[in-house]
$ cat work_9.cif   # mmCIF, N, CA, C and O atoms
data_my_file
loop_
_atom_site.label_atom_id
_atom_site.label_comp_id
_atom_site.auth_asym_id
_atom_site.auth_seq_id
_atom_site.Cartn_x
_atom_site.Cartn_y
_atom_site.Cartn_z
N MET K 13 -13.21 -29.17 -26.92
CA MET K 13 -13.02 -27.87 -27.52
C MET K 13 -13.40 -26.76 -26.56
O MET K 13 -13.23 -25.60 -26.88
N ALA K 14 -13.86 -27.07 -25.36
CA ALA K 14 -14.23 -26.06 -24.39
C ALA K 14 -13.01 -25.29 -23.89
O ALA K 14 -13.13 -24.17 -23.42
N GLN K 15 -11.82 -25.89 -23.99
CA GLN K 15 -10.62 -25.21 -23.51
C GLN K 15 -10.33 -23.94 -24.31
O GLN K 15 -9.76 -22.99 -23.80
N ALA K 16 -10.69 -23.91 -25.56
CA ALA K 16 -10.42 -22.76 -26.40
C ALA K 16 -11.28 -21.55 -26.03
O ALA K 16 -10.95 -20.43 -26.37
N LEU K 17 -12.36 -21.76 -25.30
CA LEU K 17 -13.26 -20.67 -24.95
C LEU K 17 -12.90 -20.01 -23.63
O LEU K 17 -13.47 -18.98 -23.29
N ARG K 18 -11.98 -20.57 -22.87
CA ARG K 18 -11.60 -19.98 -21.58
C ARG K 18 -10.72 -18.76 -21.80
O ARG K 18 -9.81 -18.78 -22.62
N PRO K 19 -10.95 -17.70 -21.03
CA PRO K 19 -10.12 -16.51 -21.20
C PRO K 19 -8.71 -16.73 -20.64
O PRO K 19 -8.53 -17.49 -19.70
N ASN K 20 -7.77 -16.04 -21.22
CA ASN K 20 -6.40 -16.10 -20.76
C ASN K 20 -6.18 -15.01 -19.72
O ASN K 20 -6.17 -13.83 -20.04
N THR K 21 -6.01 -15.39 -18.46
CA THR K 21 -5.82 -14.42 -17.39
C THR K 21 -4.37 -14.36 -16.93
O THR K 21 -4.08 -13.88 -15.85
N ALA K 22 -3.46 -14.83 -17.74
CA ALA K 22 -2.05 -14.84 -17.36
C ALA K 22 -1.36 -13.52 -17.65
O ALA K 22 -0.16 -13.40 -17.50
N GLY K 23 -2.09 -12.49 -18.07
CA GLY K 23 -1.49 -11.21 -18.43
C GLY K 23 -0.86 -10.49 -17.26
O GLY K 23 0.22 -9.95 -17.37
N SER K 24 -1.49 -10.48 -16.10
CA SER K 24 -0.99 -9.77 -14.94
C SER K 24 -1.33 -10.57 -13.70
O SER K 24 -2.35 -11.25 -13.64
N LEU K 25 -0.46 -10.45 -12.72
CA LEU K 25 -0.69 -11.17 -11.47
C LEU K 25 -1.90 -10.62 -10.73
O LEU K 25 -2.63 -11.34 -10.08
N PHE K 26 -2.14 -9.31 -10.84
CA PHE K 26 -3.19 -8.68 -10.06
C PHE K 26 -4.47 -8.41 -10.86
O PHE K 26 -5.48 -8.08 -10.29
N ALA K 27 -4.43 -8.51 -12.17
CA ALA K 27 -5.60 -8.22 -12.99
C ALA K 27 -6.33 -9.51 -13.30
O ALA K 27 -5.87 -10.33 -14.09
N THR K 28 -7.47 -9.71 -12.69
CA THR K 28 -8.25 -10.92 -12.93
C THR K 28 -9.17 -10.77 -14.12
O THR K 28 -9.79 -11.74 -14.54
N ASP K 29 -9.28 -9.58 -14.68
CA ASP K 29 -10.15 -9.38 -15.82
C ASP K 29 -9.39 -9.47 -17.14
O ASP K 29 -9.97 -9.30 -18.20
N GLY K 30 -8.09 -9.74 -17.09
CA GLY K 30 -7.31 -9.91 -18.31
C GLY K 30 -6.83 -8.62 -18.94
O GLY K 30 -6.16 -8.64 -19.96
N LYS K 31 -7.15 -7.48 -18.34
CA LYS K 31 -6.74 -6.19 -18.88
C LYS K 31 -5.57 -5.65 -18.05
O LYS K 31 -5.51 -5.88 -16.85
N PRO K 32 -4.69 -4.89 -18.67
CA PRO K 32 -3.59 -4.30 -17.89
C PRO K 32 -4.07 -3.11 -17.07
O PRO K 32 -4.91 -2.33 -17.51
N HIS K 33 -3.56 -3.00 -15.86
CA HIS K 33 -3.88 -1.88 -14.97
C HIS K 33 -2.58 -1.31 -14.43
O HIS K 33 -2.24 -1.53 -13.26
N PRO K 34 -1.84 -0.57 -15.23
CA PRO K 34 -0.53 -0.10 -14.77
C PRO K 34 -0.60 0.88 -13.59
O PRO K 34 0.23 0.81 -12.68
N LEU K 35 -1.57 1.78 -13.57
CA LEU K 35 -1.69 2.72 -12.46
C LEU K 35 -2.01 1.98 -11.16
O LEU K 35 -1.38 2.22 -10.12
N GLN K 36 -2.96 1.07 -11.22
CA GLN K 36 -3.36 0.34 -10.03
C GLN K 36 -2.23 -0.56 -9.52
O GLN K 36 -2.02 -0.66 -8.31
N ASP K 37 -1.51 -1.21 -10.44
CA ASP K 37 -0.39 -2.06 -10.03
C ASP K 37 0.71 -1.23 -9.40
O ASP K 37 1.34 -1.66 -8.43
N THR K 38 0.96 -0.04 -9.92
CA THR K 38 1.99 0.84 -9.36
C THR K 38 1.58 1.31 -7.97
O THR K 38 2.40 1.31 -7.04
N LEU K 39 0.33 1.72 -7.82
CA LEU K 39 -0.14 2.15 -6.50
C LEU K 39 -0.08 1.01 -5.50
O LEU K 39 0.26 1.22 -4.32
N LEU K 40 -0.39 -0.19 -5.94
CA LEU K 40 -0.32 -1.35 -5.07
C LEU K 40 1.10 -1.59 -4.61
O LEU K 40 1.36 -1.78 -3.41
N ALA K 41 2.05 -1.56 -5.53
CA ALA K 41 3.46 -1.80 -5.18
C ALA K 41 3.99 -0.71 -4.25
O ALA K 41 4.67 -1.00 -3.26
N VAL K 42 3.66 0.54 -4.55
CA VAL K 42 4.14 1.65 -3.72
C VAL K 42 3.54 1.56 -2.32
O VAL K 42 4.23 1.76 -1.31
N THR K 43 2.26 1.24 -2.23
CA THR K 43 1.61 1.13 -0.92
C THR K 43 2.21 0.00 -0.11
O THR K 43 2.45 0.15 1.10
N LEU K 44 2.48 -1.14 -0.74
CA LEU K 44 3.07 -2.26 -0.02
C LEU K 44 4.48 -1.93 0.46
O LEU K 44 4.85 -2.24 1.60
N VAL K 45 5.28 -1.30 -0.39
CA VAL K 45 6.65 -0.94 0.02
C VAL K 45 6.63 0.08 1.16
O VAL K 45 7.36 -0.07 2.15
N LEU K 46 5.78 1.09 1.04
CA LEU K 46 5.67 2.08 2.11
C LEU K 46 5.14 1.45 3.40
O LEU K 46 5.61 1.78 4.50
N GLY K 47 4.18 0.55 3.28
CA GLY K 47 3.62 -0.11 4.45
C GLY K 47 4.64 -0.97 5.18
O GLY K 47 4.75 -0.93 6.40
N VAL K 48 5.39 -1.76 4.43
CA VAL K 48 6.42 -2.61 5.05
C VAL K 48 7.50 -1.74 5.68
O VAL K 48 7.96 -2.01 6.80
N THR K 49 7.91 -0.68 4.99
CA THR K 49 8.92 0.22 5.54
C THR K 49 8.43 0.88 6.82
O THR K 49 9.17 0.94 7.82
N ALA K 50 7.21 1.37 6.82
CA ALA K 50 6.66 2.01 8.01
C ALA K 50 6.54 1.03 9.16
O ALA K 50 6.87 1.35 10.31
N PHE K 51 6.10 -0.18 8.88
CA PHE K 51 5.91 -1.18 9.92
C PHE K 51 7.24 -1.61 10.54
O PHE K 51 7.37 -1.68 11.76
N VAL K 52 8.22 -1.87 9.69
CA VAL K 52 9.51 -2.33 10.19
C VAL K 52 10.23 -1.22 10.96
O VAL K 52 10.79 -1.46 12.04
N THR K 53 10.23 -0.01 10.43
CA THR K 53 10.93 1.07 11.11
C THR K 53 10.19 1.53 12.37
O THR K 53 10.81 2.15 13.24
N ALA K 54 8.92 1.21 12.50
CA ALA K 54 8.19 1.58 13.71
C ALA K 54 8.65 0.76 14.92
O ALA K 54 8.40 1.15 16.06
N MET K 55 9.33 -0.33 14.68
CA MET K 55 9.82 -1.16 15.78
C MET K 55 11.05 -0.55 16.45
O MET K 55 11.48 -1.02 17.49
N PHE K 56 11.62 0.48 15.85
CA PHE K 56 12.79 1.14 16.40
C PHE K 56 12.40 2.56 16.83
O PHE K 56 11.96 3.36 16.01
N HIS K 57 12.57 2.84 18.09
CA HIS K 57 12.10 4.11 18.66
C HIS K 57 12.73 5.32 17.98
O HIS K 57 12.06 6.34 17.77
N ASN K 58 14.00 5.23 17.62
CA ASN K 58 14.68 6.40 17.05
C ASN K 58 14.37 6.63 15.58
O ASN K 58 14.82 7.61 15.01
N LEU K 59 13.63 5.76 14.94
CA LEU K 59 13.25 5.93 13.53
C LEU K 59 11.81 6.40 13.38
O LEU K 59 11.16 6.14 12.38
N HIS K 60 11.30 7.11 14.38
CA HIS K 60 9.90 7.53 14.35
C HIS K 60 9.60 8.49 13.21
O HIS K 60 8.49 8.50 12.70
N LEU K 61 10.56 9.31 12.79
CA LEU K 61 10.31 10.22 11.67
C LEU K 61 10.06 9.43 10.39
O LEU K 61 9.12 9.71 9.64
N LEU K 62 10.91 8.44 10.14
CA LEU K 62 10.75 7.63 8.93
C LEU K 62 9.45 6.83 8.97
O LEU K 62 8.70 6.79 7.99
N SER K 63 9.16 6.21 10.10
CA SER K 63 7.95 5.38 10.17
C SER K 63 6.67 6.21 10.08
O SER K 63 5.71 5.81 9.42
N SER K 64 6.66 7.37 10.71
CA SER K 64 5.43 8.17 10.67
C SER K 64 5.20 8.77 9.28
O SER K 64 4.07 8.79 8.79
N TRP K 65 6.26 9.26 8.63
CA TRP K 65 6.08 9.85 7.30
C TRP K 65 5.77 8.80 6.25
O TRP K 65 4.89 9.01 5.40
N THR K 66 6.48 7.66 6.26
CA THR K 66 6.17 6.62 5.27
C THR K 66 4.79 6.03 5.52
O THR K 66 4.09 5.68 4.57
N GLY K 67 4.39 5.94 6.78
CA GLY K 67 3.04 5.47 7.08
C GLY K 67 1.98 6.42 6.57
O GLY K 67 0.97 6.00 6.00
N LEU K 68 2.20 7.71 6.77
CA LEU K 68 1.23 8.71 6.30
C LEU K 68 1.11 8.70 4.79
O LEU K 68 -0.01 8.68 4.24
N VAL K 69 2.23 8.68 4.09
CA VAL K 69 2.20 8.64 2.62
C VAL K 69 1.58 7.33 2.15
O VAL K 69 0.81 7.30 1.18
N GLY K 70 1.89 6.23 2.83
CA GLY K 70 1.30 4.93 2.48
C GLY K 70 -0.21 4.91 2.65
O GLY K 70 -0.93 4.28 1.87
N ILE K 71 -0.69 5.59 3.67
CA ILE K 71 -2.14 5.67 3.88
C ILE K 71 -2.80 6.42 2.72
O ILE K 71 -3.84 6.00 2.20
N PHE K 72 -2.19 7.52 2.30
CA PHE K 72 -2.78 8.30 1.21
C PHE K 72 -2.70 7.56 -0.13
O PHE K 72 -3.68 7.56 -0.89
N THR K 73 -1.57 6.92 -0.43
CA THR K 73 -1.48 6.19 -1.69
C THR K 73 -2.40 4.98 -1.68
O THR K 73 -3.01 4.64 -2.70
N GLY K 74 -2.52 4.33 -0.54
CA GLY K 74 -3.44 3.19 -0.44
C GLY K 74 -4.89 3.59 -0.57
O GLY K 74 -5.69 2.90 -1.20
N ALA K 75 -5.24 4.73 0.01
CA ALA K 75 -6.62 5.21 -0.10
C ALA K 75 -6.95 5.57 -1.55
O ALA K 75 -8.03 5.23 -2.05
N TYR K 76 -6.03 6.24 -2.22
CA TYR K 76 -6.27 6.56 -3.63
C TYR K 76 -6.30 5.28 -4.47
O TYR K 76 -7.12 5.16 -5.39
N GLY K 77 -5.44 4.33 -4.14
CA GLY K 77 -5.45 3.06 -4.85
C GLY K 77 -6.76 2.31 -4.68
O GLY K 77 -7.26 1.69 -5.62
N GLN K 78 -7.33 2.37 -3.49
CA GLN K 78 -8.63 1.75 -3.26
C GLN K 78 -9.70 2.43 -4.10
O GLN K 78 -10.62 1.78 -4.60
N TRP K 79 -9.59 3.71 -4.25
CA TRP K 79 -10.59 4.46 -5.01
C TRP K 79 -10.56 4.11 -6.49
O TRP K 79 -11.62 4.04 -7.13
N VAL K 80 -9.38 3.88 -7.04
CA VAL K 80 -9.28 3.62 -8.48
C VAL K 80 -9.09 2.13 -8.80
O VAL K 80 -9.00 1.78 -9.99
N SER K 81 -9.04 1.26 -7.80
CA SER K 81 -8.80 -0.16 -8.08
C SER K 81 -9.99 -0.78 -8.80
O SER K 81 -11.13 -0.34 -8.67
N GLU K 82 -9.69 -1.82 -9.56
CA GLU K 82 -10.73 -2.45 -10.37
C GLU K 82 -10.93 -3.93 -10.08
O GLU K 82 -11.94 -4.49 -10.47
N THR K 83 -9.96 -4.58 -9.45
CA THR K 83 -10.11 -6.01 -9.19
C THR K 83 -9.94 -6.30 -7.70
O THR K 83 -9.38 -5.51 -6.95
N THR K 84 -10.42 -7.47 -7.29
CA THR K 84 -10.34 -7.88 -5.89
C THR K 84 -8.90 -8.12 -5.47
O THR K 84 -8.53 -7.80 -4.34
N ARG K 85 -8.09 -8.65 -6.35
CA ARG K 85 -6.68 -8.88 -6.00
C ARG K 85 -5.96 -7.57 -5.70
O ARG K 85 -5.15 -7.51 -4.78
N GLU K 86 -6.24 -6.54 -6.46
CA GLU K 86 -5.64 -5.24 -6.19
C GLU K 86 -6.09 -4.71 -4.83
O GLU K 86 -5.28 -4.22 -4.04
N ARG K 87 -7.37 -4.84 -4.55
CA ARG K 87 -7.90 -4.34 -3.28
C ARG K 87 -7.33 -5.10 -2.10
O ARG K 87 -7.08 -4.52 -1.04
N PHE K 88 -7.13 -6.40 -2.26
CA PHE K 88 -6.58 -7.21 -1.17
C PHE K 88 -5.17 -6.74 -0.82
O PHE K 88 -4.85 -6.52 0.35
N GLY K 89 -4.32 -6.56 -1.82
CA GLY K 89 -2.97 -6.08 -1.57
C GLY K 89 -2.95 -4.67 -1.01
O GLY K 89 -2.12 -4.34 -0.15
N LEU K 90 -3.86 -3.83 -1.48
CA LEU K 90 -3.93 -2.46 -0.97
C LEU K 90 -4.35 -2.43 0.49
O LEU K 90 -3.84 -1.62 1.27
N ILE K 91 -5.25 -3.31 0.88
CA ILE K 91 -5.66 -3.37 2.29
C ILE K 91 -4.50 -3.82 3.17
O ILE K 91 -4.30 -3.29 4.27
N LEU K 92 -3.70 -4.77 2.69
CA LEU K 92 -2.52 -5.18 3.45
C LEU K 92 -1.55 -4.00 3.62
O LEU K 92 -1.05 -3.75 4.71
N GLY K 93 -1.29 -3.30 2.53
CA GLY K 93 -0.40 -2.15 2.59
C GLY K 93 -0.95 -1.04 3.47
O GLY K 93 -0.21 -0.39 4.21
N LEU K 94 -2.25 -0.81 3.38
CA LEU K 94 -2.89 0.21 4.22
C LEU K 94 -2.77 -0.15 5.70
O LEU K 94 -2.50 0.71 6.54
N GLY K 95 -2.99 -1.40 6.03
CA GLY K 95 -2.88 -1.84 7.42
C GLY K 95 -1.48 -1.67 7.97
O GLY K 95 -1.28 -1.16 9.08
N LEU K 96 -0.49 -2.09 7.19
CA LEU K 96 0.90 -1.94 7.62
C LEU K 96 1.27 -0.46 7.74
O LEU K 96 1.96 -0.06 8.69
N SER K 97 0.82 0.35 6.79
CA SER K 97 1.09 1.79 6.84
C SER K 97 0.46 2.42 8.08
O SER K 97 1.08 3.26 8.74
N ALA K 98 -0.76 2.04 8.38
CA ALA K 98 -1.46 2.61 9.53
C ALA K 98 -0.78 2.23 10.84
O ALA K 98 -0.58 3.08 11.72
N VAL K 99 -0.39 0.97 10.97
CA VAL K 99 0.29 0.55 12.20
C VAL K 99 1.62 1.29 12.33
O VAL K 99 1.97 1.78 13.41
N GLY K 100 2.38 1.37 11.23
CA GLY K 100 3.64 2.10 11.26
C GLY K 100 3.44 3.57 11.58
O GLY K 100 4.21 4.16 12.35
N PHE K 101 2.41 4.16 11.00
CA PHE K 101 2.12 5.58 11.26
C PHE K 101 1.77 5.81 12.73
O PHE K 101 2.31 6.71 13.37
N PHE K 102 0.89 4.98 13.26
CA PHE K 102 0.45 5.19 14.65
C PHE K 102 1.58 4.93 15.64
O PHE K 102 1.73 5.66 16.62
N LEU K 103 2.40 3.92 15.41
CA LEU K 103 3.54 3.68 16.30
C LEU K 103 4.58 4.78 16.16
O LEU K 103 5.20 5.19 17.14
N GLY K 104 4.78 5.27 14.94
CA GLY K 104 5.69 6.40 14.75
C GLY K 104 5.20 7.65 15.46
O GLY K 104 5.99 8.41 16.03
N MET K 105 3.90 7.86 15.43
CA MET K 105 3.33 9.01 16.15
C MET K 105 3.50 8.83 17.66
O MET K 105 3.77 9.78 18.38
N ALA K 106 3.35 7.62 18.15
CA ALA K 106 3.51 7.36 19.58
C ALA K 106 4.96 7.53 20.03
O ALA K 106 5.21 7.91 21.17
N HIS K 107 5.90 7.28 19.14
CA HIS K 107 7.31 7.39 19.49
C HIS K 107 7.88 8.79 19.32
O HIS K 107 9.02 9.03 19.69
N GLY K 108 7.14 9.71 18.75
CA GLY K 108 7.67 11.06 18.61
C GLY K 108 7.00 11.88 17.55
O GLY K 108 7.15 13.09 17.49
N GLY K 109 6.28 11.24 16.64
CA GLY K 109 5.51 11.97 15.67
C GLY K 109 6.24 12.39 14.41
O GLY K 109 7.38 12.01 14.18
N LEU K 110 5.56 13.19 13.62
CA LEU K 110 6.07 13.63 12.34
C LEU K 110 7.21 14.61 12.45
O LEU K 110 8.08 14.67 11.60
N PHE K 111 7.21 15.42 13.50
CA PHE K 111 8.24 16.44 13.67
C PHE K 111 8.93 16.33 15.03
O PHE K 111 9.60 17.28 15.45
N GLY K 112 8.73 15.24 15.74
CA GLY K 112 9.29 15.11 17.08
C GLY K 112 10.80 15.23 17.12
O GLY K 112 11.52 14.52 16.44
N GLY K 113 11.29 16.15 17.90
CA GLY K 113 12.72 16.37 18.02
C GLY K 113 13.31 17.27 16.96
O GLY K 113 14.46 17.64 17.04
N VAL K 114 12.53 17.63 15.94
CA VAL K 114 13.05 18.48 14.87
C VAL K 114 12.63 19.93 15.09
O VAL K 114 13.43 20.84 14.98
N ILE K 115 11.36 20.14 15.44
CA ILE K 115 10.84 21.49 15.64
C ILE K 115 10.69 21.73 17.14
O ILE K 115 9.96 21.02 17.82
N GLY K 116 11.36 22.73 17.61
CA GLY K 116 11.20 23.16 18.99
C GLY K 116 11.69 22.17 20.03
O GLY K 116 11.37 22.27 21.20
N GLY K 117 12.44 21.19 19.63
CA GLY K 117 12.80 20.19 20.60
C GLY K 117 14.21 20.08 20.91
O GLY K 117 14.72 19.48 21.74
#
$ encode --input "work_9.cif" --output "structure tokens"
Amino acid sequence: MAQALRPNTAGSLFATDGKPHPLQDTLLAVTLVLGVTAFVTAMFHNLHLLSSWTGLVGIFTGAYGQWVSETTRERFGLILGLGLSAVGFFLGMAHGGLFGGVIGG
């Protein structure tokens, strides 16, 4: 009868406490998408505007997500997204920056 006392954690992939966290899950998904986009586009020199801007926005959404996150799974995904966003941002800045070629160039 011990099986009946175990909590059901199948409610959400990222919520280990069994409660829904729609804001945190949304921030996690947005940060991961922005991070992957920034990282992939940073590999192409002519896409520096896209990589630097998506990286910058990904850093801010990931930082806010870390601030409001409640479970370890959410934080783990946010750290992955933050890392990808940061790499994409820094490579985008090295290739031309946020406004490279648009203002005064």
$ atom_distance --input "work_9.cif" --atom1 "CA of Leu90 in chain K" --atom2 "CA of Gly112 in chain K"
28.4 Å
$ atom_distance --input "work_9.cif" --atom1 "atom O of Gly77 in chain K" --atom2 "CA of Gly109 in chain K"
26.9 Å
$ residues_around --input "work_9.cif" --residues "range 50-57 of chain K" --least-positions-apart "3" --cutoff "7 Å" --atoms "all atoms listed in the file" --output "list of chain:residue names"
K:Leu44, K:Val45, K:Leu46, K:Gly47, K:His60, K:Leu61, K:Leu62, K:Ser63, K:Ser64, K:Thr66, K:Gly67, K:Leu96, K:Ser97, K:Val99, K:Gly100, K:Phe101, K:Leu103, K:Gly104, K:His107, K:Gly108
$ select_by_dssp --input "work_9.cif" --residues "chain K" --states "alpha helix (DSSP H)" --output "PyMOL selection string"
chain K and resi 34-53+60-80+84-107
$ atom_distance --input "work_9.cif" --atom1 "CA of Gly74 in chain K" --atom2 "CA of Val48 in chain K"
12.7 Å
$ resolve_selection --input "work_9.cif" --expression "the PyMOL selection byres ((chain K and resi 39) around 8)" --output "JSON list (two decimals) with N, CA, C and O atoms, in the coordinates of the input"
[["chain", "number", "residue", "atom", "x", "y", "z"],
["K", 33, "HIS", "N", -3.56, -3.00, -15.86],
["K", 33, "HIS", "CA", -3.88, -1.88, -14.97],
["K", 33, "HIS", "C", -2.58, -1.31, -14.43],
["K", 33, "HIS", "O", -2.24, -1.53, -13.26],
["K", 34, "PRO", "N", -1.84, -0.57, -15.23],
["K", 34, "PRO", "CA", -0.53, -0.10, -14.77],
["K", 34, "PRO", "C", -0.60, 0.88, -13.59],
["K", 34, "PRO", "O", 0.23, 0.81, -12.68],
["K", 35, "LEU", "N", -1.57, 1.78, -13.57],
["K", 35, "LEU", "CA", -1.69, 2.72, -12.46],
["K", 35, "LEU", "C", -2.01, 1.98, -11.16],
["K", 35, "LEU", "O", -1.38, 2.22, -10.12],
["K", 36, "GLN", "N", -2.96, 1.07, -11.22],
["K", 36, "GLN", "CA", -3.36, 0.34, -10.03],
["K", 36, "GLN", "C", -2.23, -0.56, -9.52],
["K", 36, "GLN", "O", -2.02, -0.66, -8.31],
["K", 37, "ASP", "N", -1.51, -1.21, -10.44],
["K", 37, "ASP", "CA", -0.39, -2.06, -10.03],
["K", 37, "ASP", "C", 0.71, -1.23, -9.40],
["K", 37, "ASP", "O", 1.34, -1.66, -8.43],
["K", 38, "THR", "N", 0.96, -0.04, -9.92],
["K", 38, "THR", "CA", 1.99, 0.84, -9.36],
["K", 38, "THR", "C", 1.58, 1.31, -7.97],
["K", 38, "THR", "O", 2.40, 1.31, -7.04],
["K", 40, "LEU", "N", -0.39, -0.19, -5.94],
["K", 40, "LEU", "CA", -0.32, -1.35, -5.07],
["K", 40, "LEU", "C", 1.10, -1.59, -4.61],
["K", 40, "LEU", "O", 1.36, -1.78, -3.41],
["K", 41, "ALA", "N", 2.05, -1.56, -5.53],
["K", 41, "ALA", "CA", 3.46, -1.80, -5.18],
["K", 41, "ALA", "C", 3.99, -0.71, -4.25],
["K", 41, "ALA", "O", 4.67, -1.00, -3.26],
["K", 42, "VAL", "N", 3.66, 0.54, -4.55],
["K", 42, "VAL", "CA", 4.14, 1.65, -3.72],
["K", 42, "VAL", "C", 3.54, 1.56, -2.32],
["K", 42, "VAL", "O", 4.23, 1.76, -1.31],
["K", 43, "THR", "N", 2.26, 1.24, -2.23],
["K", 43, "THR", "CA", 1.61, 1.13, -0.92],
["K", 43, "THR", "C", 2.21, 0.00, -0.11],
["K", 43, "THR", "O", 2.45, 0.15, 1.10],
["K", 44, "LEU", "N", 2.48, -1.14, -0.74],
["K", 44, "LEU", "CA", 3.07, -2.26, -0.02],
["K", 44, "LEU", "C", 4.48, -1.93, 0.46],
["K", 44, "LEU", "O", 4.85, -2.24, 1.60],
["K", 45, "VAL", "N", 5.28, -1.30, -0.39],
["K", 45, "VAL", "CA", 6.65, -0.94, 0.02],
["K", 45, "VAL", "C", 6.63, 0.08, 1.16],
["K", 45, "VAL", "O", 7.36, -0.07, 2.15],
["K", 46, "LEU", "N", 5.78, 1.09, 1.04],
["K", 46, "LEU", "CA", 5.67, 2.08, 2.11],
["K", 46, "LEU", "C", 5.14, 1.45, 3.40],
["K", 46, "LEU", "O", 5.61, 1.78, 4.50],
["K", 70, "GLY", "N", 1.89, 6.23, 2.83],
["K", 70, "GLY", "CA", 1.30, 4.93, 2.48],
["K", 70, "GLY", "C", -0.21, 4.91, 2.65],
["K", 70, "GLY", "O", -0.93, 4.28, 1.87],
["K", 73, "THR", "N", -1.57, 6.92, -0.43],
["K", 73, "THR", "CA", -1.48, 6.19, -1.69],
["K", 73, "THR", "C", -2.40, 4.98, -1.68],
["K", 73, "THR", "O", -3.01, 4.64, -2.70],
["K", 74, "GLY", "N", -2.52, 4.33, -0.54],
["K", 74, "GLY", "CA", -3.44, 3.19, -0.44],
["K", 74, "GLY", "C", -4.89, 3.59, -0.57],
["K", 74, "GLY", "O", -5.69, 2.90, -1.20],
["K", 75, "ALA", "N", -5.24, 4.73, 0.01],
["K", 75, "ALA", "CA", -6.62, 5.21, -0.10],
["K", 75, "ALA", "C", -6.95, 5.57, -1.55],
["K", 75, "ALA", "O", -8.03, 5.23, -2.05],
["K", 76, "TYR", "N", -6.03, 6.24, -2.22],
["K", 76, "TYR", "CA", -6.27, 6.56, -3.63],
["K", 76, "TYR", "C", -6.30, 5.28, -4.47],
["K", 76, "TYR", "O", -7.12, 5.16, -5.39],
["K", 77, "GLY", "N", -5.44, 4.33, -4.14],
["K", 77, "GLY", "CA", -5.45, 3.06, -4.85],
["K", 77, "GLY", "C", -6.76, 2.31, -4.68],
["K", 77, "GLY", "O", -7.26, 1.69, -5.62],
["K", 78, "GLN", "N", -7.33, 2.37, -3.49],
["K", 78, "GLN", "CA", -8.63, 1.75, -3.26],
["K", 78, "GLN", "C", -9.70, 2.43, -4.10],
["K", 78, "GLN", "O", -10.62, 1.78, -4.60],
["K", 86, "GLU", "N", -6.24, -6.54, -6.46],
["K", 86, "GLU", "CA", -5.64, -5.24, -6.19],
["K", 86, "GLU", "C", -6.09, -4.71, -4.83],
["K", 86, "GLU", "O", -5.28, -4.22, -4.04],
["K", 89, "GLY", "N", -4.32, -6.56, -1.82],
["K", 89, "GLY", "CA", -2.97, -6.08, -1.57],
["K", 89, "GLY", "C", -2.95, -4.67, -1.01],
["K", 89, "GLY", "O", -2.12, -4.34, -0.15],
["K", 90, "LEU", "N", -3.86, -3.83, -1.48],
["K", 90, "LEU", "CA", -3.93, -2.46, -0.97],
["K", 90, "LEU", "C", -4.35, -2.43, 0.49],
["K", 90, "LEU", "O", -3.84, -1.62, 1.27],
["K", 93, "GLY", "N", -1.29, -3.30, 2.53],
["K", 93, "GLY", "CA", -0.40, -2.15, 2.59],
["K", 93, "GLY", "C", -0.95, -1.04, 3.47],
["K", 93, "GLY", "O", -0.21, -0.39, 4.21]]
$ closest_residue --input "work_9.cif" --among "K:Phe88, K:Asp29, K:Leu110, K:Ala98" --to "Ile71 in chain K" --atoms "only N, CA, C and O atoms"
K:Ala98
$ axis_aligned_box --input "work_9.cif" --around "range 29-43 of chain K" --padding-each-side "6 Å" --output "lines of an AutoDock Vina configuration file"
center_x = -2.7
center_y = -3.6
center_z = -9.4
size_x = 26.8
size_y = 24.6
size_z = 33.1
